[in-house]
Structure formats: C-alpha cells, structure tokens
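Shown here: protein_19.cif, mmCIF, C-alpha atoms, pLDDT in the B column; chains and numbers go by the auth columns.
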```
data_data
loop_
_atom_site.group_PDB
_atom_site.id
_atom_site.type_symbol
_atom_site.label_atom_id
_atom_site.label_comp_id
_atom_site.label_asym_id
_atom_site.label_seq_id
_atom_site.Cartn_x
_atom_site.Cartn_y
_atom_site.Cartn_z
_atom_site.B_iso_or_equiv
_atom_site.auth_seq_id
_atom_site.auth_asym_id
ATOM 1 C CA MET A 1 48.567 -49.815 -5.646 97.00 496 A
ATOM 2 C CA LYS A 2 46.109 -52.393 -6.997 98.00 497 A
ATOM 3 C CA ILE A 3 43.216 -51.140 -9.093 98.00 498 A
ATOM 4 C CA ALA A 4 40.372 -52.848 -10.992 98.00 499 A
ATOM 5 C CA ILE A 5 38.788 -51.247 -14.041 98.00 500 A
ATOM 6 C CA GLY A 6 35.644 -52.118 -15.971 98.00 501 A
ATOM 7 C CA ASN A 7 33.835 -50.459 -18.841 98.00 502 A
ATOM 8 C CA ASP A 8 31.129 -50.995 -21.395 98.00 503 A
ATOM 9 C CA HIS A 9 31.180 -50.067 -25.096 98.00 504 A
ATOM 10 C CA ALA A 10 31.242 -46.323 -24.301 97.00 505 A
ATOM 11 C CA GLY A 11 34.615 -46.549 -22.592 98.00 506 A
ATOM 12 C CA PRO A 12 37.348 -48.502 -24.448 98.00 507 A
ATOM 13 C CA GLU A 13 39.297 -45.383 -25.428 98.00 508 A
ATOM 14 C CA TYR A 14 38.933 -43.942 -21.923 98.00 509 A
ATOM 15 C CA LYS A 15 40.118 -47.181 -20.384 98.00 510 A
ATOM 16 C CA LYS A 16 43.113 -47.367 -22.685 98.00 511 A
ATOM 17 C CA ALA A 17 44.284 -43.865 -21.684 98.00 512 A
ATOM 18 C CA ILE A 18 43.647 -44.504 -17.981 98.00 513 A
ATOM 19 C CA LEU A 19 45.465 -47.856 -18.105 98.00 514 A
ATOM 20 C CA GLU A 20 48.470 -46.220 -19.747 98.00 515 A
ATOM 21 C CA MET A 21 48.665 -43.533 -17.043 98.00 516 A
ATOM 22 C CA LEU A 22 48.235 -46.029 -14.189 98.00 517 A
ATOM 23 C CA ARG A 23 50.764 -48.517 -15.514 98.00 518 A
ATOM 24 C CA ASP A 24 53.276 -45.722 -16.226 98.00 519 A
ATOM 25 C CA LYS A 25 53.007 -44.831 -12.537 97.00 520 A
ATOM 26 C CA GLY A 26 53.650 -48.438 -11.488 98.00 521 A
ATOM 27 C CA HIS A 27 50.131 -49.445 -10.463 98.00 522 A
ATOM 28 C CA GLU A 28 48.882 -53.009 -10.916 98.00 523 A
ATOM 29 C CA VAL A 29 45.610 -52.952 -12.855 98.00 524 A
ATOM 30 C CA THR A 30 43.093 -55.735 -13.460 98.00 525 A
ATOM 31 C CA ASN A 31 41.120 -55.076 -16.628 98.00 526 A
ATOM 32 C CA TYR A 32 37.537 -56.354 -16.636 98.00 527 A
ATOM 33 C CA GLY A 33 36.318 -54.034 -19.385 97.00 528 A
ATOM 34 C CA THR A 34 35.469 -54.585 -23.005 98.00 529 A
ATOM 35 C CA ASP A 35 37.908 -53.468 -25.672 97.00 530 A
ATOM 36 C CA THR A 36 35.322 -53.079 -28.427 97.00 531 A
ATOM 37 C CA PHE A 37 32.533 -50.687 -29.290 97.00 532 A
ATOM 38 C CA ASP A 38 30.052 -53.534 -29.738 97.00 533 A
ATOM 39 C CA SER A 39 27.026 -53.072 -27.488 97.00 534 A
ATOM 40 C CA VAL A 40 27.377 -54.872 -24.141 97.00 535 A
ATOM 41 C CA ASP A 41 25.684 -54.731 -20.740 98.00 536 A
ATOM 42 C CA TYR A 42 27.553 -52.574 -18.194 98.00 537 A
ATOM 43 C CA PRO A 43 26.660 -54.775 -15.181 98.00 538 A
ATOM 44 C CA ASP A 44 28.743 -57.576 -16.682 98.00 539 A
ATOM 45 C CA PHE A 45 31.812 -55.346 -16.363 98.00 540 A
ATOM 46 C CA GLY A 46 30.925 -53.499 -13.163 98.00 541 A
ATOM 47 C CA HIS A 47 30.242 -56.493 -10.928 98.00 542 A
ATOM 48 C CA PRO A 48 33.787 -57.930 -11.179 98.00 543 A
ATOM 49 C CA VAL A 49 35.272 -54.549 -10.232 98.00 544 A
ATOM 50 C CA ALA A 50 32.898 -54.230 -7.280 98.00 545 A
ATOM 51 C CA ASN A 51 33.682 -57.779 -6.151 98.00 546 A
ATOM 52 C CA ASP A 52 37.405 -57.007 -6.086 98.00 547 A
ATOM 53 C CA VAL A 53 36.828 -53.817 -4.072 98.00 548 A
ATOM 54 C CA SER A 54 34.328 -55.462 -1.712 98.00 549 A
ATOM 55 C CA GLU A 55 36.661 -58.393 -1.044 98.00 550 A
ATOM 56 C CA GLY A 56 39.706 -56.162 -0.515 98.00 551 A
ATOM 57 C CA LYS A 57 41.598 -57.558 -3.504 98.00 552 A
ATOM 58 C CA VAL A 58 42.209 -54.038 -4.832 98.00 553 A
ATOM 59 C CA ASP A 59 42.613 -50.581 -3.335 98.00 554 A
ATOM 60 C CA PHE A 60 40.315 -48.820 -5.797 98.00 555 A
ATOM 61 C CA GLY A 61 37.972 -49.436 -8.681 98.00 556 A
ATOM 62 C CA ILE A 62 37.264 -47.486 -11.838 99.00 557 A
ATOM 63 C CA VAL A 63 34.082 -47.988 -13.849 98.00 558 A
ATOM 64 C CA ILE A 64 33.062 -46.334 -17.104 98.00 559 A
ATOM 65 C CA CYS A 65 29.819 -46.245 -19.063 98.00 560 A
ATOM 66 C CA GLY A 66 28.020 -43.647 -21.167 98.00 561 A
ATOM 67 C CA SER A 67 26.381 -41.671 -18.367 98.00 562 A
ATOM 68 C CA GLY A 68 28.288 -43.242 -15.481 98.00 563 A
ATOM 69 C CA ASN A 69 24.973 -43.761 -13.713 98.00 564 A
ATOM 70 C CA GLY A 70 24.041 -47.328 -14.599 98.00 565 A
ATOM 71 C CA ILE A 71 27.423 -48.772 -13.761 98.00 566 A
ATOM 72 C CA ALA A 72 27.572 -46.713 -10.526 98.00 567 A
ATOM 73 C CA MET A 73 24.175 -48.070 -9.491 98.00 568 A
ATOM 74 C CA THR A 74 25.408 -51.584 -10.243 98.00 569 A
ATOM 75 C CA VAL A 75 28.596 -51.418 -8.203 98.00 570 A
ATOM 76 C CA ASN A 76 26.942 -49.633 -5.289 98.00 571 A
ATOM 77 C CA LYS A 77 24.840 -52.753 -4.658 97.00 572 A
ATOM 78 C CA HIS A 78 27.947 -54.517 -3.321 97.00 573 A
ATOM 79 C CA PRO A 79 28.946 -54.447 0.360 96.00 574 A
ATOM 80 C CA LYS A 80 31.741 -52.053 1.305 96.00 575 A
ATOM 81 C CA VAL A 81 31.519 -50.254 -2.046 98.00 576 A
ATOM 82 C CA ARG A 82 31.126 -46.494 -2.171 98.00 577 A
ATOM 83 C CA ALA A 83 31.117 -45.487 -5.825 98.00 578 A
ATOM 84 C CA ALA A 84 31.008 -41.836 -6.802 98.00 579 A
ATOM 85 C CA LEU A 85 29.898 -40.519 -10.174 98.00 580 A
ATOM 86 C CA CYS A 86 32.443 -37.831 -11.055 98.00 581 A
ATOM 87 C CA TRP A 87 32.663 -35.373 -13.915 96.00 582 A
ATOM 88 C CA THR A 88 35.396 -33.025 -12.621 97.00 583 A
ATOM 89 C CA LYS A 89 38.584 -33.625 -10.672 97.00 584 A
ATOM 90 C CA GLU A 90 37.200 -31.409 -7.884 98.00 585 A
ATOM 91 C CA ILE A 91 34.257 -33.791 -7.429 98.00 586 A
ATOM 92 C CA ALA A 92 36.655 -36.746 -7.560 98.00 587 A
ATOM 93 C CA SER A 93 38.715 -35.147 -4.808 98.00 588 A
ATOM 94 C CA LEU A 94 35.683 -34.459 -2.624 98.00 589 A
ATOM 95 C CA ALA A 95 34.386 -37.997 -3.166 98.00 590 A
ATOM 96 C CA ARG A 96 37.593 -39.277 -1.586 98.00 591 A
ATOM 97 C CA GLN A 97 38.004 -36.560 1.083 97.00 592 A
ATOM 98 C CA HIS A 98 34.436 -36.507 2.371 97.00 593 A
ATOM 99 C CA ASN A 99 32.878 -39.825 1.294 97.00 594 A
ATOM 100 C CA ASP A 100 35.830 -42.234 1.339 98.00 595 A
ATOM 101 C CA ALA A 101 34.714 -43.372 -2.122 98.00 596 A
ATOM 102 C CA ASN A 102 36.561 -46.451 -3.314 98.00 597 A
ATOM 103 C CA ILE A 103 35.238 -46.613 -6.886 98.00 598 A
ATOM 104 C CA ILE A 104 35.124 -43.735 -9.339 99.00 599 A
ATOM 105 C CA SER A 105 32.419 -43.849 -11.990 98.00 600 A
ATOM 106 C CA ILE A 106 33.172 -41.928 -15.175 98.00 601 A
ATOM 107 C CA PRO A 107 30.535 -40.747 -17.668 98.00 602 A
ATOM 108 C CA ALA A 108 32.300 -41.234 -21.009 98.00 603 A
ATOM 109 C CA ARG A 109 29.710 -39.317 -22.998 97.00 604 A
ATOM 110 C CA PHE A 110 30.035 -36.248 -20.786 98.00 605 A
ATOM 111 C CA THR A 111 33.784 -35.990 -20.101 98.00 606 A
ATOM 112 C CA SER A 112 36.871 -35.868 -22.277 98.00 607 A
ATOM 113 C CA ILE A 113 39.598 -38.484 -22.098 98.00 608 A
ATOM 114 C CA PRO A 114 42.167 -36.058 -20.598 98.00 609 A
ATOM 115 C CA GLN A 115 39.554 -34.997 -18.035 98.00 610 A
ATOM 116 C CA ALA A 116 38.886 -38.647 -17.123 98.00 611 A
ATOM 117 C CA VAL A 117 42.610 -39.357 -16.704 98.00 612 A
ATOM 118 C CA ASP A 118 42.966 -36.296 -14.447 98.00 613 A
ATOM 119 C CA MET A 119 39.971 -37.379 -12.384 98.00 614 A
ATOM 120 C CA VAL A 120 41.381 -40.866 -11.837 98.00 615 A
ATOM 121 C CA GLU A 121 44.795 -39.498 -10.873 98.00 616 A
ATOM 122 C CA THR A 122 43.172 -37.086 -8.419 98.00 617 A
ATOM 123 C CA PHE A 123 40.893 -39.809 -7.037 98.00 618 A
ATOM 124 C CA ILE A 124 43.633 -42.326 -6.260 98.00 619 A
ATOM 125 C CA ASN A 125 45.964 -39.683 -4.807 98.00 620 A
ATOM 126 C CA THR A 126 43.442 -38.063 -2.463 98.00 621 A
ATOM 127 C CA THR A 127 43.041 -39.327 1.089 97.00 622 A
ATOM 128 C CA PHE A 128 39.914 -39.548 3.199 95.00 623 A
ATOM 129 C CA GLU A 129 39.808 -36.726 5.754 88.00 624 A
ATOM 130 C CA GLY A 130 38.004 -38.781 8.389 88.00 625 A
ATOM 131 C CA GLY A 131 36.940 -36.651 11.342 89.00 626 A
ATOM 132 C CA ARG A 132 33.386 -35.371 11.030 90.00 627 A
ATOM 133 C CA HIS A 133 33.041 -37.250 7.727 94.00 628 A
ATOM 134 C CA ALA A 134 33.780 -40.675 9.244 91.00 629 A
ATOM 135 C CA ASN A 135 30.536 -40.803 11.216 90.00 630 A
ATOM 136 C CA ARG A 136 28.544 -40.009 8.065 91.00 631 A
ATOM 137 C CA VAL A 137 30.392 -42.589 5.972 91.00 632 A
ATOM 138 C CA ASN A 138 29.771 -45.224 8.654 91.00 633 A
ATOM 139 C CA LYS A 139 26.018 -44.630 8.210 90.00 634 A
ATOM 140 C CA ILE A 140 26.001 -45.303 4.448 89.00 635 A
ATOM 141 C CA SER A 141 25.797 -49.117 4.468 85.00 636 A
ATOM 142 C CA CYS A 142 22.438 -50.745 5.145 82.00 637 A
#
```
Can you present the structure in this file as structure tokens?
Amino acid sequence: MKIAIGNDHAGPEYKKAILEMLRDKGHEVTNYGTDTFDSVDYPDFGHPVANDVSEGKVDFGIVICGSGNGIAMTVNKHPKVRAALCWTKEIASLARQHNDANIISIPARFTSIPQAVDMVETFINTTFEGGRHANRVNKISC
C-alpha cells in the first residue's frame, strides 16, 4: 500500500512511530512532514499529502498537527479528499466504514503516540461498507 504522511511541529514523534509501524508492515510511505519541533505552518505539509491522495498517487494519507483541525481543514479543500479527524480507533474505523475517508487527521496534543499508531493501523485496514453509505459519500463533494 502507498501512503503519504505530513505533519507540523506538533507531530515529529508521532510520525516517527507511525512510519516505523507502516514500514515494518511493508507499506511504501512518502514523508512530507517536518522532523523538527521548530514552528512551521501546517498547510505546507498538508497540501502535498492531499495532492497525492487527490491525484491517486497514494492509497491513503495521514496528517498530524496539534489539534488535527487546521490540517484537516487544509486537506479537505482538495478534490476527492475526505479527511476525518480521529481521536480513537473506533472513530477511525467508522470514518472508513461509513465515510470512505482517505486521509486520517491526528490531533497530537490530544492523543498518545500508541493511540495514534493504533488509529492509523485501524484506518488503513478498514474497508468502506458502501451500500446506504455510498449515496451519502457521493453527495460530499461540491
């Protein structure tokens, strides 16, 4: 599976743990995130992830910022992107099952690293249920 990841200064440690898990499982990951804690602007790291998802270059995207909100708002501006802000693996699962989300947004200041790793693993391994949810998902794009 191909995955793109991007993060601001709130997420280097989260990204490192997520990258380790994904690579251990044989996934190909493109890293657009910062590796430092120096203040940066999350859109600079979210847009490249969203571009890869929108253009079909990757199967999924992962974005991380302090609250998860700003970077989710950024990536959701792109066509074909359905980013979900998740703070539990149950929400990550439902985002895939019911919303066919293709980017998970993680709030680093409100989740632990092990929790974030579990959410990503759940997210990429959960399939969209389709059915009654497909009609709703088809109405999301403007």
Worksheet item: How far is it from atom CA of A:Asp530 to atom CA of A:Ala499, in Å with one decimal?
Response: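 Computed distance, atom CA of A:Asp530 to atom CA of A:Ala499, equals 14.9 Å.
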Item to complete: Between A:Val548, A:Met568, A:Val535, A:Met614, single out the one closest to A:Trp582, counting only C-alpha atoms.
Response: A:Met614
Worksheet item: Of the residues A:Lys584, A:Lys510, A:His573, A:His504, which is the one nearest to A:Glu550, using only C-alpha atoms?
Response: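 Answer, going by the shortest atom-to-atom distance: A:His573.
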Fill in: Contact residues around A:Val612 with only C-alpha atoms at 8 Å, ignoring same-chain residues under 2 positions, as number ranges by chain
A: 509, 512-513, 516, 608-610, 614-616
Fill in: Residue among A:Ser588, A:Gly551, A:Gly506, A:Glu624 lying closest to A:Arg604, counting only C-alpha atoms
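Answer, going by the shortest atom-to-atom distance: A:Gly506.
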Discussion item. Need to verify the contact set: A:Tyr537, 12 Å, only C-alpha atoms, exclusion of same-chain residues closer than 5 positions in sequence. Can you return it as a ChimeraX atom specification?
Written reply: /A:501-506,527-529,542-544,558-570,600
Could those residues be written to a file, using C-alpha atoms, as a JSON list (two decimals), keeping the file's coordinate frame?
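part.json, written as the output of this step:
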```json
[["chain", "number", "residue", "atom", "x", "y", "z"],
["A", 501, "GLY", "CA", 35.64, -52.12, -15.97],
["A", 502, "ASN", "CA", 33.84, -50.46, -18.84],
["A", 503, "ASP", "CA", 31.13, -51.00, -21.40],
["A", 504, "HIS", "CA", 31.18, -50.07, -25.10],
["A", 505, "ALA", "CA", 31.24, -46.32, -24.30],
["A", 506, "GLY", "CA", 34.62, -46.55, -22.59],
["A", 527, "TYR", "CA", 37.54, -56.35, -16.64],
["A", 528, "GLY", "CA", 36.32, -54.03, -19.39],
["A", 529, "THR", "CA", 35.47, -54.58, -23.00],
["A", 542, "HIS", "CA", 30.24, -56.49, -10.93],
["A", 543, "PRO", "CA", 33.79, -57.93, -11.18],
["A", 544, "VAL", "CA", 35.27, -54.55, -10.23],
["A", 558, "VAL", "CA", 34.08, -47.99, -13.85],
["A", 559, "ILE", "CA", 33.06, -46.33, -17.10],
["A", 560, "CYS", "CA", 29.82, -46.24, -19.06],
["A", 561, "GLY", "CA", 28.02, -43.65, -21.17],
["A", 562, "SER", "CA", 26.38, -41.67, -18.37],
["A", 563, "GLY", "CA", 28.29, -43.24, -15.48],
["A", 564, "ASN", "CA", 24.97, -43.76, -13.71],
["A", 565, "GLY", "CA", 24.04, -47.33, -14.60],
["A", 566, "ILE", "CA", 27.42, -48.77, -13.76],
["A", 567, "ALA", "CA", 27.57, -46.71, -10.53],
["A", 568, "MET", "CA", 24.18, -48.07, -9.49],
["A", 569, "THR", "CA", 25.41, -51.58, -10.24],
["A", 570, "VAL", "CA", 28.60, -51.42, -8.20],
["A", 600, "SER", "CA", 32.42, -43.85, -11.99]]
```
Worksheet item: With all atoms listed in the file as the basis for distance, which of A:Lys572, A:Lys497, A:Arg627, A:His593 is at the shortest distance from A:Phe555?
Response: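 Ranked by minimum distance to A:Phe555, first place goes to A:Lys497.
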Item to complete: Place a sphere of radius 7 Å on (32.9, -50.2, -5.9) in the file coordinates and name every protein, DNA or RNA residue with an atom inside or on its surface, counting all atoms listed in the file; give the answer as number ranges by chain.
Response: A: 544-545, 548-549, 556, 570-571, 576-578, 597-598
Discussion item. For a quick check of understanding, using only C-alpha atoms, which of A:Leu589, A:Leu514, A:Val524, A:Ile635 has the smallest distance to A:Asp547?
Written reply: A:Val524
Worksheet item: So which residues get picked by the PyMOL selection byres ((chain A and resi 595) around 8) here, written as a VMD selection string?
Response: chain A and resid 577 590 to 594 596 to 597 622 to 623 632
Worksheet item: How many Å lie between atom CA of A:Thr606 and atom CA of A:Glu508, rounded to one decimal?
Response: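 Distance between the two atoms: 12.1 Å.
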Discussion item. Could you check the closest approach to A:Phe605 for each of A:Thr583, A:Ser534, A:Asn546, A:Ser636 and tell me which residue wins, using all atoms listed in the file?
Written reply: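 The answer is A:Thr583, which sits nearest to A:Phe605.
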